[in-house]
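Asks: This is the structure I have questions about; it appears just below.
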Amino acid sequence: MAKEAKETKKSEKPSGKQKPAVIIVGADKGGVGKTTVARTMLDYFAGKNVLTRAFDTESPRGTLKRFHPRVTEVVDLTQVADQMKVLDTLHSSEVKVSIIDVRAGLLSRTLKDMTDIGFFDAVKNGEFKFALFHVLGPSVASLNEIDEMLPYTENAEYYVVKNHINDTNFFEWDQETYNRYFKRARRQANEINVPKLNEMAYEQVEVSGVPFAMFGQNKTAKNQRADYSLVLRGYVRTWEKAIHEQYDDAGMMEWATDGAQSS
Amino acid sequence: MLGKSLAILVVSPRERSGTTLIARLFAEFFRLSGDAPLLFDTDTLKPKFSKYFPEAQVVNLDKTKGQMGLFDTLPLRAHEPKIVDVTSRAFPTFFTLMRDIDFVAEARSNNVEPVIVYIPHYDAEDFERGFKIREHFGCEFMLAENAFLGVAPQTLHSVNSYWALKAHPVHMMIPLLDPMSMNLLEDERVSMAEFLKASAPGSAPPAAGEKTQLPLAYLSLDARSKIRNWLKPSLREVQRVVQLVQARLNTPVSEPQSF
């Protein structure tokens with residue numbers, strides 16, 4: 001269904017004005033790699049020269065902000081002031097793509113709060129575009145989250161993200177469980193598979209403190225030539241390329257920039 | 001202006017192709033030319049290359065650290081040639097990594113040119129694979145035929161990649177050495193350079209009771225002659241192809257040695 005919606009969108013006349021796009025990356029479980037996913041998304045849009053801003057809800061520390069300091073703001077979405085900072089500026093900001101990295105365990109709460117303030121009504125009315133990147137963990141509890149998310153995805157793009165941090169297989173070995181959860185989600189969800197990144201490469205990126213893309217390009221935070229391992233850079237580049245190709249296949253670029261004036 | 005240095009990658013998709021022998025020839029050639037090549041042995045199960053050259057680094061390409069030990073070093077130290085003996089077991093990993101890390105571009109940015117020395121068996125699959133590797137990486141490539149592997153069967157003559165590689169401008173042929181002599185030459189204590197020196201006409205035989213590490217010194221004149229008559233043309237062949245590659249790269253050509 002997600003594919004049909006995309007095809008319908010493609011056939012619609014462009015409005016001539018780019019609708020703000022909001023992408024939420026979240027999980028109701030910690031440690032599944034949602035900030036990693038958000039980072040690859042920022043690299044993706046940067047690589048396409050699409051201005052993007054990000055909100056890191058890991059207040060006060062902000063892992064996302066550590067790697068993408070210039071485009072990321074740390075917010076507390078349980079506070080009205082920060083809710084206004086994010087949502088009230090969607091139309092006014094020149095940056096039309098906003099990525100919200102929702103704190104681990106707060107996805108459902110955040111979506112509920114956004115419902116209460118009328119965000120999903122605005123999505124339904126066509127004021128904003130909304131996409132949910134739901135990062136799953138390997139356990140059965142994570143699979144149950146899919147059912148909880150479906151009501152919020154009615155007028156949205158829904159992506160189920162399988163992040164293979166530990167070579168997890170997401171119950172694909174159990175065909176019945178797979179059929180019960182994923183086949184159902186498949187009717188309304190795209191699947192993004194984040195392959196496992198070489199552990200040493202991941203660690204070195206963490207130590208460097210730069211975005212994945214900059215590490216792959218052998219650049220420091222000051223955009224100068226770095227001295228990272230050629231092998232580890234290659235692993236990061238190949239890994240991120242595999243993810244970005246899936247974003248391309250899912251039509252993320254077209255979805256996010258639909259209605260923008262061509263340069 | 002300093003020229004490019006070469007990273008010689010001696011590979012074969014199959015075992016018992018003469019990979020280590022040919023890697024040895026390249027190593028000995030560079031040493032005889034006055035260079036101090038960096039040497040790498042990728043066979044951690046049954047290392048052979050590093051037995052001949054104890055200074056060679058043994059790298060395990062199944063581990064990230066081993067991969068870094070090899071590929072992070074190869075593009076560096078542009079004034080030193082490098083030689084890698086790629087075991088057939090490591091062949092798939094080696095080229096996957098080489099592709100994924102864009103090794104050729106990185107090496108070239110550091111004035112190092114990778115040279116793939118490809119040793120096929122005489123079957124279509126090996127020539128197809130070699131052709132794809134040559135086309136994909138676009139770096140210097142050398143077809144190395146080893147007479148020990150026989151001659152191309154008639155069936156190979158209808159394979160396009162066979163003719164494509166045979167027509168490749170840089171092409172070497174290692175002659176056949178009889179099995180007994182090859183067995184002696186493969187002794188881990190044998191240094192080809194020392195053998196050439198010790199077996200040169202007019203060189204003094206070891207004195208009675210004199211200790212020597214070179215077992216070949218005790219060979220008959222006939223045996224020494226056979227090995228010498230193989231070794232000299234083989235080293236000349238290596239010299240020829242190295243100079244050809246250097247000329248193609250417009251880089252200073254090694255001084256010719258009289259082998």
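FYI, nothing fancy with the structure tokens labels: chains A, B, ... in order, residues from 1 per chain, ligands from 1 as they appear.
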Would you mind listing, as a PDB file with N, CA and C atoms, in the first residue's frame, all residues of chain A that have at least one atom within 12 Å of chain B, where only C-alpha atoms are what counts?
Replies:
ATOM      1  N   LEU A 197      27.336  -3.240  10.638  1.00  0.00           N
ATOM      2  CA  LEU A 197      28.580  -2.554  10.298  1.00  0.00           C
ATOM      3  C   LEU A 197      29.707  -3.188  11.090  1.00  0.00           C
ATOM      4  N   ASN A 198      30.814  -3.403  10.437  1.00  0.00           N
ATOM      5  CA  ASN A 198      32.009  -3.930  11.099  1.00  0.00           C
ATOM      6  C   ASN A 198      32.214  -3.205  12.430  1.00  0.00           C
ATOM      7  N   GLU A 199      32.389  -3.980  13.492  1.00  0.00           N
ATOM      8  CA  GLU A 199      32.429  -3.394  14.850  1.00  0.00           C
ATOM      9  C   GLU A 199      33.560  -2.395  15.028  1.00  0.00           C
ATOM     10  N   MET A 200      34.708  -2.763  14.494  1.00  0.00           N
ATOM     11  CA  MET A 200      35.857  -1.867  14.649  1.00  0.00           C
ATOM     12  C   MET A 200      35.609  -0.554  13.907  1.00  0.00           C
ATOM     13  N   ALA A 201      34.977  -0.654  12.748  1.00  0.00           N
ATOM     14  CA  ALA A 201      34.679   0.552  11.975  1.00  0.00           C
ATOM     15  C   ALA A 201      33.716   1.443  12.765  1.00  0.00           C
ATOM     16  N   GLY A 216      33.910   8.262   6.088  1.00  0.00           N
ATOM     17  CA  GLY A 216      34.175   7.557   4.836  1.00  0.00           C
ATOM     18  C   GLY A 216      35.012   8.379   3.871  1.00  0.00           C
ATOM     19  N   GLN A 217      34.859   9.701   3.950  1.00  0.00           N
ATOM     20  CA  GLN A 217      35.629  10.591   3.073  1.00  0.00           C
ATOM     21  C   GLN A 217      36.973  10.971   3.677  1.00  0.00           C
ATOM     22  N   ASN A 218      37.286  10.419   4.856  1.00  0.00           N
ATOM     23  CA  ASN A 218      38.566  10.697   5.528  1.00  0.00           C
ATOM     24  C   ASN A 218      38.700  12.167   5.918  1.00  0.00           C
ATOM     25  N   ASP A 227      43.177  10.848   9.168  1.00  0.00           N
ATOM     26  CA  ASP A 227      44.124   9.739   9.042  1.00  0.00           C
ATOM     27  C   ASP A 227      43.451   8.422   9.443  1.00  0.00           C
ATOM     28  N   TYR A 228      42.198   8.303   9.013  1.00  0.00           N
ATOM     29  CA  TYR A 228      41.473   7.093   9.407  1.00  0.00           C
ATOM     30  C   TYR A 228      41.918   5.914   8.554  1.00  0.00           C
ATOM     31  N   SER A 229      41.722   4.740   9.073  1.00  0.00           N
ATOM     32  CA  SER A 229      42.096   3.518   8.363  1.00  0.00           C
ATOM     33  C   SER A 229      41.335   3.408   7.036  1.00  0.00           C
ATOM     34  N   LEU A 230      42.077   3.104   5.988  1.00  0.00           N
ATOM     35  CA  LEU A 230      41.465   2.913   4.664  1.00  0.00           C
ATOM     36  C   LEU A 230      40.427   1.790   4.710  1.00  0.00           C
ATOM     37  N   VAL A 231      40.766   0.728   5.405  1.00  0.00           N
ATOM     38  CA  VAL A 231      39.861  -0.426   5.481  1.00  0.00           C
ATOM     39  C   VAL A 231      38.574  -0.041   6.205  1.00  0.00           C
ATOM     40  N   LEU A 232      38.699   0.632   7.324  1.00  0.00           N
ATOM     41  CA  LEU A 232      37.509   0.982   8.109  1.00  0.00           C
ATOM     42  C   LEU A 232      36.654   2.007   7.363  1.00  0.00           C
ATOM     43  N   ARG A 233      37.305   2.924   6.695  1.00  0.00           N
ATOM     44  CA  ARG A 233      36.559   3.887   5.868  1.00  0.00           C
ATOM     45  C   ARG A 233      35.764   3.169   4.792  1.00  0.00           C
ATOM     46  N   GLY A 234      36.396   2.190   4.207  1.00  0.00           N
ATOM     47  CA  GLY A 234      35.726   1.435   3.142  1.00  0.00           C
ATOM     48  C   GLY A 234      34.509   0.697   3.671  1.00  0.00           C
ATOM     49  N   TYR A 235      34.652   0.098   4.844  1.00  0.00           N
ATOM     50  CA  TYR A 235      33.513  -0.603   5.443  1.00  0.00           C
ATOM     51  C   TYR A 235      32.361   0.365   5.675  1.00  0.00           C
ATOM     52  N   VAL A 236      32.682   1.557   6.192  1.00  0.00           N
ATOM     53  CA  VAL A 236      31.623   2.531   6.488  1.00  0.00           C
ATOM     54  C   VAL A 236      30.956   2.995   5.188  1.00  0.00           C
ATOM     55  N   ARG A 237      31.762   3.266   4.177  1.00  0.00           N
ATOM     56  CA  ARG A 237      31.192   3.745   2.909  1.00  0.00           C
ATOM     57  C   ARG A 237      30.277   2.685   2.281  1.00  0.00           C
ATOM     58  N   THR A 238      30.748   1.468   2.265  1.00  0.00           N
ATOM     59  CA  THR A 238      29.962   0.381   1.660  1.00  0.00           C
ATOM     60  C   THR A 238      28.671   0.161   2.443  1.00  0.00           C
ATOM     61  N   TRP A 239      28.770   0.202   3.749  1.00  0.00           N
ATOM     62  CA  TRP A 239      27.607   0.006   4.626  1.00  0.00           C
ATOM     63  C   TRP A 239      26.580   1.102   4.396  1.00  0.00           C
ATOM     64  N   GLU A 240      27.045   2.357   4.402  1.00  0.00           N
ATOM     65  CA  GLU A 240      26.092   3.447   4.273  1.00  0.00           C
ATOM     66  C   GLU A 240      25.487   3.490   2.859  1.00  0.00           C
ATOM     67  N   LYS A 241      26.290   3.103   1.887  1.00  0.00           N
ATOM     68  CA  LYS A 241      25.778   3.061   0.503  1.00  0.00           C
ATOM     69  C   LYS A 241      24.623   2.059   0.402  1.00  0.00           C
ATOM     70  N   ALA A 242      24.763   0.933   1.079  1.00  0.00           N
ATOM     71  CA  ALA A 242      23.709  -0.092   1.045  1.00  0.00           C
ATOM     72  C   ALA A 242      22.420   0.433   1.662  1.00  0.00           C
TER      73      ALA A 242
END
Asks: Can you list, as a list in words, every protein, DNA or RNA residue that comes within 12 Å of Asp249 of chain A when you count only C-alpha atoms, leaving out same-chain residues fewer than 3 positions away?
Replies: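 My list of contacting residues is Lys3, Lys6, Asn190, Glu191, Ile192, Ala242, Ile243, His244, Glu245, Gln246, Met252, Met253, Glu254 and Trp255 of chain A.
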Asks: Write a file of the just-selected residues containing C-alpha atoms, as a PDB file, in the first residue's frame.
Replies:
ATOM      1  CA  LYS A   3       4.067   1.753  -2.842  1.00  0.00           C
ATOM      2  CA  LYS A   6       3.850   6.773  -3.586  1.00  0.00           C
ATOM      3  CA  ASN A 190       8.237  -0.411   3.819  1.00  0.00           C
ATOM      4  CA  GLU A 191      11.109  -2.427   5.162  1.00  0.00           C
ATOM      5  CA  ILE A 192      14.570  -1.027   5.594  1.00  0.00           C
ATOM      6  CA  ALA A 242      23.709  -0.092   1.045  1.00  0.00           C
ATOM      7  CA  ILE A 243      21.363   1.817   3.357  1.00  0.00           C
ATOM      8  CA  HIS A 244      21.099   4.874   1.112  1.00  0.00           C
ATOM      9  CA  GLU A 245      20.227   2.666  -1.839  1.00  0.00           C
ATOM     10  CA  GLN A 246      17.261   1.413   0.167  1.00  0.00           C
ATOM     11  CA  MET A 252      12.534   9.037   0.232  1.00  0.00           C
ATOM     12  CA  MET A 253      14.173  11.788  -1.744  1.00  0.00           C
ATOM     13  CA  GLU A 254      11.127  12.320  -3.936  1.00  0.00           C
ATOM     14  CA  TRP A 255       8.792  12.136  -0.970  1.00  0.00           C
TER      15      TRP A 255
END
Asks: Just want the 12 Å neighbourhood of Phe40 of chain B, counted on only C-alpha atoms, with same-chain residues fewer than 3 positions away dropped. Output as a ChimeraX atom specification.
Replies: /B:7-10,20,23-24,27,37,43-44,47-61,66-67,69-71,73-74,81-87
Asks: Got a sec: who's within 12 Å of Met149 of chain A, counting only C-alpha atoms, leaving out chain neighbours fewer than 5 positions off, as a ChimeraX atom specification?
Replies: /A:24,26-28,107-112,131-136,142-144,154,156-160,185,188-189
Asks: Do a neighbour search on segment 116-120 of chain A at 10 Å with only C-alpha atoms, toss out local chain neighbours closer than 3 positions, and write the hits as an NGL selection string.
Replies: :A and (80 or 83-84 or 87 or 110-113 or 123-130 or 152-156)
Asks: Write out, as a JSON list (two decimals), in the first residue's frame, the residues just selected, with N, CA and C atoms.
Replies:
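Listed below is the output, again-v8.json:
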[["chain", "number", "residue", "atom", "x", "y", "z"],
["A", 80, "VAL", "N", 6.26, 21.88, 26.59],
["A", 80, "VAL", "CA", 5.49, 22.62, 25.58],
["A", 80, "VAL", "C", 6.39, 23.56, 24.78],
["A", 83, "GLN", "N", 8.08, 21.62, 22.21],
["A", 83, "GLN", "CA", 7.12, 21.17, 21.20],
["A", 83, "GLN", "C", 6.87, 22.31, 20.20],
["A", 84, "MET", "N", 6.75, 23.54, 20.75],
["A", 84, "MET", "CA", 6.52, 24.70, 19.89],
["A", 84, "MET", "C", 7.74, 24.94, 19.00],
["A", 87, "LEU", "N", 7.41, 22.12, 16.20],
["A", 87, "LEU", "CA", 6.25, 22.05, 15.32],
["A", 87, "LEU", "C", 5.80, 23.43, 14.83],
["A", 110, "THR", "N", 5.45, 10.04, 22.58],
["A", 110, "THR", "CA", 5.65, 11.19, 21.70],
["A", 110, "THR", "C", 4.54, 11.26, 20.65],
["A", 111, "LEU", "N", 4.20, 10.12, 20.09],
["A", 111, "LEU", "CA", 3.15, 10.12, 19.07],
["A", 111, "LEU", "C", 1.81, 10.52, 19.68],
["A", 112, "LYS", "N", 1.59, 10.10, 20.89],
["A", 112, "LYS", "CA", 0.35, 10.47, 21.58],
["A", 112, "LYS", "C", 0.31, 11.98, 21.85],
["A", 113, "ASP", "N", 1.43, 12.51, 22.32],
["A", 113, "ASP", "CA", 1.50, 13.95, 22.58],
["A", 113, "ASP", "C", 1.26, 14.74, 21.29],
["A", 123, "VAL", "N", -1.50, 16.66, 9.48],
["A", 123, "VAL", "CA", -1.00, 15.73, 8.44],
["A", 123, "VAL", "C", -2.17, 15.29, 7.57],
["A", 124, "LYS", "N", -3.28, 14.98, 8.26],
["A", 124, "LYS", "CA", -4.46, 14.51, 7.53],
["A", 124, "LYS", "C", -4.99, 15.59, 6.60],
["A", 125, "ASN", "N", -4.87, 16.85, 7.05],
["A", 125, "ASN", "CA", -5.34, 17.98, 6.23],
["A", 125, "ASN", "C", -4.34, 18.37, 5.15],
["A", 126, "GLY", "N", -3.24, 17.69, 5.11],
["A", 126, "GLY", "CA", -2.28, 17.95, 4.04],
["A", 126, "GLY", "C", -1.31, 19.08, 4.31],
["A", 127, "GLU", "N", -1.23, 19.53, 5.57],
["A", 127, "GLU", "CA", -0.30, 20.62, 5.86],
["A", 127, "GLU", "C", 1.15, 20.14, 5.90],
["A", 128, "PHE", "N", 1.33, 18.93, 6.41],
["A", 128, "PHE", "CA", 2.69, 18.38, 6.54],
["A", 128, "PHE", "C", 2.72, 16.98, 5.95],
["A", 129, "LYS", "N", 3.92, 16.55, 5.61],
["A", 129, "LYS", "CA", 4.15, 15.15, 5.26],
["A", 129, "LYS", "C", 4.79, 14.49, 6.48],
["A", 130, "PHE", "N", 4.43, 13.27, 6.71],
["A", 130, "PHE", "CA", 4.95, 12.59, 7.89],
["A", 130, "PHE", "C", 5.42, 11.19, 7.54],
["A", 152, "TYR", "N", -1.05, 5.45, 13.73],
["A", 152, "TYR", "CA", -0.43, 6.75, 13.43],
["A", 152, "TYR", "C", 0.06, 6.84, 11.98],
["A", 153, "THR", "N", -0.07, 5.75, 11.29],
["A", 153, "THR", "CA", 0.52, 5.72, 9.96],
["A", 153, "THR", "C", -0.51, 5.84, 8.85],
["A", 154, "GLU", "N", -1.71, 6.20, 9.24],
["A", 154, "GLU", "CA", -2.81, 6.23, 8.27],
["A", 154, "GLU", "C", -2.51, 7.14, 7.08],
["A", 155, "ASN", "N", -2.00, 8.32, 7.36],
["A", 155, "ASN", "CA", -1.71, 9.27, 6.27],
["A", 155, "ASN", "C", -0.22, 9.49, 6.13],
["A", 156, "ALA", "N", 0.53, 8.46, 6.43],
["A", 156, "ALA", "CA", 1.98, 8.64, 6.52],
["A", 156, "ALA", "C", 2.72, 7.53, 5.81]]
Asks: Which distance in Å separates atom CA of Ser158 of chain B and atom CA of His121 of chain B, to one decimal?
Replies: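 A separation of 15.9 Å between them.
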Asks: What lies within 10 Å of Ile133 of chain B using only C-alpha atoms, ignoring chain neighbours under 4 positions off, as a CSV table (one decimal) with C-alpha atoms, in the first residue's frame?
Replies:
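Just written: part_4.csv:
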chain,number,residue,atom,x,y,z
B,95,PHE,CA,39.2,-8.8,-4.0
B,99,ARG,CA,36.6,-3.3,-4.3
B,116,ILE,CA,47.6,-7.6,-10.2
B,118,TYR,CA,47.1,-13.1,-12.2
B,127,PHE,CA,40.3,-16.7,-17.6
B,128,GLU,CA,36.7,-15.3,-17.2
B,129,ARG,CA,37.5,-14.4,-13.6
B,137,PHE,CA,39.8,-2.6,-11.2
B,138,GLY,CA,41.4,-0.9,-14.1
B,139,CYS,CA,44.9,-0.9,-12.5
B,141,PHE,CA,47.4,-6.1,-14.7
Asks: Mind checking DSSP for segment 45-263 of chain A and telling me the strand (DSSP E or B) residues as a PyMOL selection string?
Replies: chain A and resi 52-56+72-74+97-101+129-136+157-163+190-194+219+225
Asks: Find, counting only C-alpha atoms, the residue in A:Lys162, A:Val97, A:Thr78, A:Ala250 that gets nearest to Asn49 of chain A.
Replies: A:Val97
Asks: Which value, in Å to one decimal, gives the distance between atom CA of Ala164 of chain B and atom CA of Leu6 of chain B?
Replies: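 That distance, rounded to one decimal, is 23.7 Å.
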Asks: To one decimal place, how far is atom CA of Arg70 of chain A from atom CA of Ala221 of chain A in Å?
Replies: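 Distance between the two atoms: 10.8 Å.
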Asks: When DSSP is applied to the backbone of this structure, which of segment 33-230 of chain A are assigned alpha helix (DSSP H)? Write them out as a PyMOL selection string.
Replies: chain A and resi 34-47+63-67+80-87+107-116+119-124+140-149+175-178+184-186+199-208+212-216+230
Asks: Nearest to Asn111 of chain B among B:Pro153, B:Pro256, B:Gly3, B:Pro233, with distances taken over only C-alpha atoms: which residue is it?
Replies: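 For Asn111 of chain B, the nearest of the given residues is B:Gly3.
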